[in-house]
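A.B. asks: Contents of target-v5.cif (mmCIF, N, CA and C atoms) are given next:
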data_input
loop_
_atom_site.label_atom_id
_atom_site.label_comp_id
_atom_site.auth_asym_id
_atom_site.auth_seq_id
_atom_site.Cartn_x
_atom_site.Cartn_y
_atom_site.Cartn_z
N LYS R 1 0.85 -1.18 0.00
CA LYS R 1 0.00 0.00 0.00
C LYS R 1 0.89 1.24 0.00
N ILE R 2 0.39 2.27 -0.68
CA ILE R 2 1.08 3.55 -0.71
C ILE R 2 0.08 4.62 -0.24
N THR R 3 0.53 5.46 0.67
CA THR R 3 -0.28 6.58 1.14
C THR R 3 0.28 7.85 0.52
N ILE R 4 -0.60 8.65 -0.05
CA ILE R 4 -0.19 9.87 -0.74
C ILE R 4 -0.90 11.06 -0.12
N ALA R 5 -0.12 12.05 0.28
CA ALA R 5 -0.68 13.29 0.82
C ALA R 5 -1.18 14.14 -0.34
N ILE R 6 -2.33 14.79 -0.13
CA ILE R 6 -2.92 15.62 -1.17
C ILE R 6 -3.35 16.96 -0.59
N PRO R 7 -3.35 18.00 -1.43
CA PRO R 7 -3.89 19.29 -0.98
C PRO R 7 -5.41 19.19 -0.84
N SER R 8 -5.97 19.98 0.02
CA SER R 8 -7.41 19.90 0.29
C SER R 8 -8.26 20.13 -0.96
N VAL R 9 -7.77 20.89 -1.90
CA VAL R 9 -8.54 21.16 -3.12
C VAL R 9 -8.79 19.88 -3.91
N LEU R 10 -7.94 18.88 -3.79
CA LEU R 10 -8.14 17.62 -4.50
C LEU R 10 -9.00 16.62 -3.74
N SER R 11 -9.13 16.80 -2.44
CA SER R 11 -9.83 15.80 -1.63
C SER R 11 -11.28 15.61 -2.03
N THR R 12 -11.89 16.61 -2.59
CA THR R 12 -13.28 16.51 -3.05
C THR R 12 -13.44 15.51 -4.17
N TYR R 13 -12.41 15.33 -4.97
CA TYR R 13 -12.49 14.49 -6.16
C TYR R 13 -11.98 13.07 -5.96
N ILE R 14 -11.52 12.75 -4.77
CA ILE R 14 -10.97 11.42 -4.52
C ILE R 14 -11.85 10.72 -3.50
N VAL R 15 -12.43 9.59 -3.93
CA VAL R 15 -13.36 8.85 -3.08
C VAL R 15 -12.96 7.38 -3.02
N PRO R 16 -13.29 6.69 -1.93
CA PRO R 16 -12.97 5.27 -1.85
C PRO R 16 -13.57 4.49 -3.01
N ARG R 17 -12.79 3.62 -3.57
CA ARG R 17 -13.15 2.77 -4.72
C ARG R 17 -13.31 3.56 -6.01
N GLY R 18 -12.94 4.84 -5.96
CA GLY R 18 -12.94 5.65 -7.18
C GLY R 18 -11.60 5.49 -7.89
N SER R 19 -11.47 6.15 -9.00
CA SER R 19 -10.23 6.08 -9.77
C SER R 19 -9.38 7.30 -9.54
N VAL R 20 -8.07 7.09 -9.61
CA VAL R 20 -7.10 8.17 -9.53
C VAL R 20 -5.88 7.71 -10.32
N ALA R 21 -5.23 8.63 -10.99
CA ALA R 21 -3.99 8.28 -11.69
C ALA R 21 -2.82 8.88 -10.91
N VAL R 22 -1.84 8.04 -10.63
CA VAL R 22 -0.63 8.46 -9.94
C VAL R 22 0.52 8.25 -10.92
N ASN R 23 1.18 9.33 -11.28
CA ASN R 23 2.26 9.28 -12.29
C ASN R 23 1.81 8.57 -13.56
N GLY R 24 0.57 8.82 -13.95
CA GLY R 24 0.04 8.26 -15.18
C GLY R 24 -0.49 6.84 -15.07
N VAL R 25 -0.44 6.25 -13.90
CA VAL R 25 -0.93 4.89 -13.69
C VAL R 25 -2.31 4.95 -13.05
N SER R 26 -3.31 4.42 -13.73
CA SER R 26 -4.67 4.44 -13.21
C SER R 26 -4.82 3.39 -12.11
N LEU R 27 -5.33 3.85 -10.96
CA LEU R 27 -5.45 2.99 -9.79
C LEU R 27 -6.81 3.17 -9.13
N THR R 28 -7.17 2.21 -8.31
CA THR R 28 -8.39 2.31 -7.51
C THR R 28 -8.02 2.77 -6.11
N VAL R 29 -8.76 3.74 -5.61
CA VAL R 29 -8.51 4.29 -4.28
C VAL R 29 -8.98 3.27 -3.23
N ALA R 30 -8.09 2.91 -2.32
CA ALA R 30 -8.43 1.95 -1.27
C ALA R 30 -9.03 2.65 -0.05
N ASP R 31 -8.52 3.82 0.29
CA ASP R 31 -8.97 4.52 1.49
C ASP R 31 -8.70 6.01 1.33
N VAL R 32 -9.53 6.81 1.97
CA VAL R 32 -9.36 8.27 1.94
C VAL R 32 -9.52 8.80 3.35
N ALA R 33 -8.66 9.71 3.72
CA ALA R 33 -8.78 10.41 5.00
C ALA R 33 -8.37 11.85 4.75
N ARG R 34 -8.53 12.68 5.75
CA ARG R 34 -8.22 14.10 5.60
C ARG R 34 -6.77 14.29 5.14
N GLY R 35 -6.61 14.88 3.97
CA GLY R 35 -5.28 15.22 3.47
C GLY R 35 -4.48 14.07 2.89
N ARG R 36 -5.11 12.91 2.67
CA ARG R 36 -4.36 11.78 2.12
C ARG R 36 -5.31 10.75 1.52
N PHE R 37 -4.74 9.91 0.67
CA PHE R 37 -5.46 8.74 0.19
C PHE R 37 -4.48 7.59 0.07
N GLU R 38 -5.02 6.39 -0.06
CA GLU R 38 -4.19 5.20 -0.09
C GLU R 38 -4.60 4.33 -1.27
N VAL R 39 -3.62 3.76 -1.92
CA VAL R 39 -3.86 2.78 -2.99
C VAL R 39 -3.11 1.51 -2.63
N ALA R 40 -3.65 0.38 -3.04
CA ALA R 40 -2.99 -0.90 -2.84
C ALA R 40 -2.40 -1.34 -4.17
N LEU R 41 -1.14 -1.73 -4.16
CA LEU R 41 -0.45 -2.10 -5.39
C LEU R 41 -0.05 -3.57 -5.36
N ILE R 42 -0.27 -4.24 -6.49
CA ILE R 42 0.15 -5.63 -6.59
C ILE R 42 1.58 -5.67 -7.14
N PRO R 43 2.31 -6.75 -6.93
CA PRO R 43 3.70 -6.84 -7.39
C PRO R 43 3.88 -6.52 -8.88
N HIS R 44 2.94 -6.96 -9.71
CA HIS R 44 3.07 -6.69 -11.14
C HIS R 44 3.06 -5.19 -11.43
N THR R 45 2.15 -4.45 -10.77
CA THR R 45 2.07 -3.01 -10.97
C THR R 45 3.37 -2.34 -10.53
N LEU R 46 3.91 -2.77 -9.41
CA LEU R 46 5.18 -2.20 -8.93
C LEU R 46 6.31 -2.47 -9.92
N ALA R 47 6.32 -3.65 -10.53
CA ALA R 47 7.39 -4.02 -11.46
C ALA R 47 7.22 -3.39 -12.84
N ALA R 48 5.98 -3.22 -13.28
CA ALA R 48 5.71 -2.78 -14.66
C ALA R 48 5.54 -1.28 -14.80
N THR R 49 5.54 -0.53 -13.69
CA THR R 49 5.34 0.92 -13.74
C THR R 49 6.46 1.62 -12.98
N ASN R 50 6.40 2.93 -12.99
CA ASN R 50 7.39 3.71 -12.24
C ASN R 50 7.06 3.80 -10.75
N LEU R 51 5.95 3.20 -10.33
CA LEU R 51 5.54 3.30 -8.93
C LEU R 51 6.44 2.51 -7.98
N GLY R 52 7.10 1.49 -8.51
CA GLY R 52 8.01 0.71 -7.68
C GLY R 52 9.24 1.46 -7.25
N SER R 53 9.55 2.54 -7.94
CA SER R 53 10.76 3.32 -7.60
C SER R 53 10.45 4.59 -6.80
N LEU R 54 9.20 4.75 -6.36
CA LEU R 54 8.86 5.92 -5.56
C LEU R 54 9.60 5.91 -4.23
N GLU R 55 9.99 7.09 -3.80
CA GLU R 55 10.65 7.23 -2.51
C GLU R 55 9.74 7.98 -1.55
N LYS R 56 9.82 7.63 -0.29
CA LYS R 56 9.02 8.30 0.73
C LYS R 56 9.31 9.80 0.70
N GLY R 57 8.24 10.58 0.65
CA GLY R 57 8.36 12.04 0.62
C GLY R 57 8.55 12.60 -0.78
N GLY R 58 8.67 11.75 -1.78
CA GLY R 58 8.86 12.22 -3.15
C GLY R 58 7.57 12.76 -3.75
N ALA R 59 7.72 13.57 -4.78
CA ALA R 59 6.56 14.17 -5.46
C ALA R 59 6.00 13.19 -6.49
N VAL R 60 4.69 13.24 -6.66
CA VAL R 60 4.00 12.46 -7.69
C VAL R 60 3.00 13.35 -8.40
N ASN R 61 2.62 12.96 -9.60
CA ASN R 61 1.58 13.65 -10.33
C ASN R 61 0.26 12.95 -10.06
N ILE R 62 -0.76 13.71 -9.70
CA ILE R 62 -2.08 13.17 -9.40
C ILE R 62 -3.09 13.69 -10.41
N GLU R 63 -3.87 12.77 -10.98
CA GLU R 63 -4.96 13.13 -11.87
C GLU R 63 -6.22 12.52 -11.30
N CYS R 64 -7.20 13.36 -11.00
CA CYS R 64 -8.45 12.89 -10.39
C CYS R 64 -9.39 12.35 -11.45
N ASP R 65 -10.32 11.52 -10.99
CA ASP R 65 -11.32 10.90 -11.84
C ASP R 65 -12.15 11.97 -12.55
N MET R 66 -12.19 11.92 -13.86
CA MET R 66 -12.93 12.91 -14.64
C MET R 66 -14.43 12.85 -14.36
N LEU R 67 -14.98 11.67 -14.13
CA LEU R 67 -16.41 11.58 -13.84
C LEU R 67 -16.74 12.31 -12.54
N ALA R 68 -15.89 12.18 -11.55
CA ALA R 68 -16.12 12.89 -10.29
C ALA R 68 -16.04 14.39 -10.51
N ARG R 69 -15.08 14.83 -11.29
CA ARG R 69 -14.94 16.27 -11.55
C ARG R 69 -16.14 16.82 -12.30
N TYR R 70 -16.60 16.13 -13.34
CA TYR R 70 -17.75 16.59 -14.11
C TYR R 70 -19.03 16.53 -13.28
N GLY R 71 -19.19 15.46 -12.52
CA GLY R 71 -20.38 15.33 -11.68
C GLY R 71 -20.47 16.44 -10.65
N LEU R 72 -19.37 16.73 -10.00
CA LEU R 72 -19.36 17.79 -9.00
C LEU R 72 -19.61 19.15 -9.64
N LYS R 73 -19.03 19.37 -10.81
CA LYS R 73 -19.24 20.64 -11.51
C LYS R 73 -20.71 20.83 -11.86
N LYS R 74 -21.33 19.76 -12.35
CA LYS R 74 -22.76 19.85 -12.69
C LYS R 74 -23.59 20.07 -11.43
N PHE R 75 -23.27 19.37 -10.35
CA PHE R 75 -23.99 19.55 -9.09
C PHE R 75 -23.85 20.98 -8.58
N ASP R 76 -22.63 21.52 -8.59
CA ASP R 76 -22.40 22.88 -8.12
C ASP R 76 -23.19 23.89 -8.95
N ALA R 77 -23.23 23.68 -10.27
CA ALA R 77 -23.98 24.59 -11.14
C ALA R 77 -25.47 24.53 -10.83
N ARG R 78 -25.96 23.34 -10.56
CA ARG R 78 -27.38 23.18 -10.26
C ARG R 78 -27.74 23.83 -8.93
N VAL R 79 -26.88 23.65 -7.94
CA VAL R 79 -27.13 24.27 -6.63
C VAL R 79 -27.09 25.79 -6.77
N ALA R 80 -26.13 26.32 -7.54
CA ALA R 80 -26.03 27.76 -7.73
C ALA R 80 -27.27 28.30 -8.45
N ARG R 81 -27.75 27.56 -9.42
CA ARG R 81 -28.93 27.98 -10.18
C ARG R 81 -30.19 27.96 -9.32
N ASN R 82 -30.29 26.99 -8.41
CA ASN R 82 -31.49 26.85 -7.59
C ASN R 82 -31.36 27.52 -6.23
N GLY R 83 -30.23 28.10 -5.94
CA GLY R 83 -30.03 28.76 -4.66
C GLY R 83 -30.17 27.77 -3.53
N ALA R 84 -30.84 28.19 -2.48
CA ALA R 84 -31.00 27.34 -1.31
C ALA R 84 -32.22 26.43 -1.42
N LYS R 85 -32.93 26.49 -2.54
CA LYS R 85 -34.12 25.65 -2.72
C LYS R 85 -33.73 24.18 -2.77
N ARG R 86 -34.64 23.35 -2.34
CA ARG R 86 -34.40 21.92 -2.41
C ARG R 86 -34.44 21.49 -3.87
N ILE R 87 -33.49 20.66 -4.24
CA ILE R 87 -33.44 20.17 -5.62
C ILE R 87 -34.36 18.96 -5.72
N ARG R 88 -35.33 19.04 -6.63
CA ARG R 88 -36.27 17.93 -6.75
C ARG R 88 -35.68 16.82 -7.61
N LYS R 89 -36.07 15.62 -7.32
CA LYS R 89 -35.57 14.47 -8.06
C LYS R 89 -36.20 14.44 -9.44
N GLU R 90 -35.34 14.27 -10.44
CA GLU R 90 -35.83 14.18 -11.80
C GLU R 90 -36.09 12.73 -12.12
N THR R 91 -37.15 12.46 -12.89
CA THR R 91 -37.46 11.09 -13.27
C THR R 91 -37.34 10.91 -14.75
#
Starting from the coordinates I provided, produce the structure as C-alpha cells.

C.D. replies:
Amino acid sequence: KITIAIPSVLSTYIVPRGSVAVNGVSLTVADVARGRFEVALIPHTLAATNLGSLEKGGAVNIECDMLARYGLKKFDARVARNGAKRIRKET
C-alpha cells in the first residue's frame, strides 16, 4: 500500500473505490482520510510501472477521476442555479 498526501482542493475528487492516476498509472482508491489517500499495489504493478521506484516524501503527479470532476461541476452549477431551494428528483 502507498499513502499519498494531497492538498485539500483535490480531496473533493478522490473517493474510496474511485479512480485516480498516480504518475500516469490508473489505480483504484483503497482509502481516503483528511489530506491523504491510499492505494494498494500488486507486485506486477510495482514491477511494470514507475511506482516501484517511488521514494518516501517524493513528489508524484495526481490526476483525479474525470467523472467525479464533471459530476461535482454539474452539481455545483445546479445548486447555484437553484439557490438554497431543495433540488427535486428528476425522473

A.B. asks: Quote the spacing between atom CA of R:Arg34 and atom CA of R:Val15 in Å to one decimal place.

C.D. replies: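 Rounded to one decimal, the two atoms are 11.4 Å apart.
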
A.B. asks: Starting from the displayed file, determine the output of the PyMOL selection byres ((chain R and resi 16) around 7) and express the residue list as a list in words.

C.D. replies: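 Output of the PyMOL selection byres ((chain R and resi 16) around 7): Ile14, Val15, Arg17, Gly18, Ser19, Thr28, Val29, Ala30, Asp31 and Val32 of chain R.
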
A.B. asks: Determine the nearest neighbour of R:Thr12 from the options R:Leu51, R:Ala33, R:Ala77, R:Val60, counting only C-alpha atoms.

C.D. replies: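 Residue with the minimum atom-to-atom distance to R:Thr12: R:Ala33.
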
A.B. asks: If we count only C-alpha atoms, what is near stretch 4-10 of chain R at a cut-off of 10 Å, once residues fewer than 4 positions away on the same chain are taken out, given as a list in words?

C.D. replies: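 Contacts, with the query itself left out: Ile14, Val22, Val32, Ala33, Arg34, Gly35, Arg36, Phe37, Glu38, Val39, Lys56, Gly57, Gly58, Ala59, Val60, Ile62, Glu63, Cys64 and Arg69 of chain R.
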
A.B. asks: What does the distance between atom CA of R:Asp65 and atom N of R:Ile2 come to in Å, to one decimal place?

C.D. replies: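 Atom CA of R:Asp65 sits 18.3 Å away from atom N of R:Ile2.
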
A.B. asks: One decimal, in Å: what's the spacing between atom N of R:Arg78 and atom C of R:Val20?

C.D. replies: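 Distance reported for this atom pair: 25.4 Å.
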
A.B. asks: Extending 6 Å beyond the listed atoms of stretch 20-34 of chain R on each side, what axis-aligned box results? I want centre and edge lengths in Å to one decimal, as lines of an AutoDock Vina configuration file.

C.D. replies:
center_x = -3.6
center_y = 8.1
center_z = -4.7
size_x = 23.8
size_y = 24.3
size_z = 32.9

A.B. asks: May I have all residues of chain R that DSSP, computed from the backbone, assigns to alpha helix (DSSP H), given as a list in words?

C.D. replies: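 Everything in chain R that counts as alpha helix (DSSP H) is Ser8, Val9, Leu10, Ser11, Pro43, His44, Thr45, Leu46, Ala47, Ala48, Met66, Leu67, Ala68, Arg69, Tyr70, Gly71, Leu72, Lys73, Lys74, Phe75, Asp76, Ala77, Arg78, Val79, Ala80, Arg81 and Asn82 of chain R.
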
A.B. asks: Which parts of stretch 9-46 of chain R does DSSP call strand (DSSP E or B) when run on the backbone here, written out as a VMD selection string?

C.D. replies: chain R and resid 19 to 22 25 to 33 36 to 39

A.B. asks: Is it possible to get the residues within 7 Å of (3.6, 7.3, -15.4) (coordinates as in the file, counting all atoms listed in the file) written as a list in words?

C.D. replies: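 Protein and nucleic acid residues near the point are Val22, Asn23, Gly24, Val25, Thr49, Asn50 and Leu51 of chain R.
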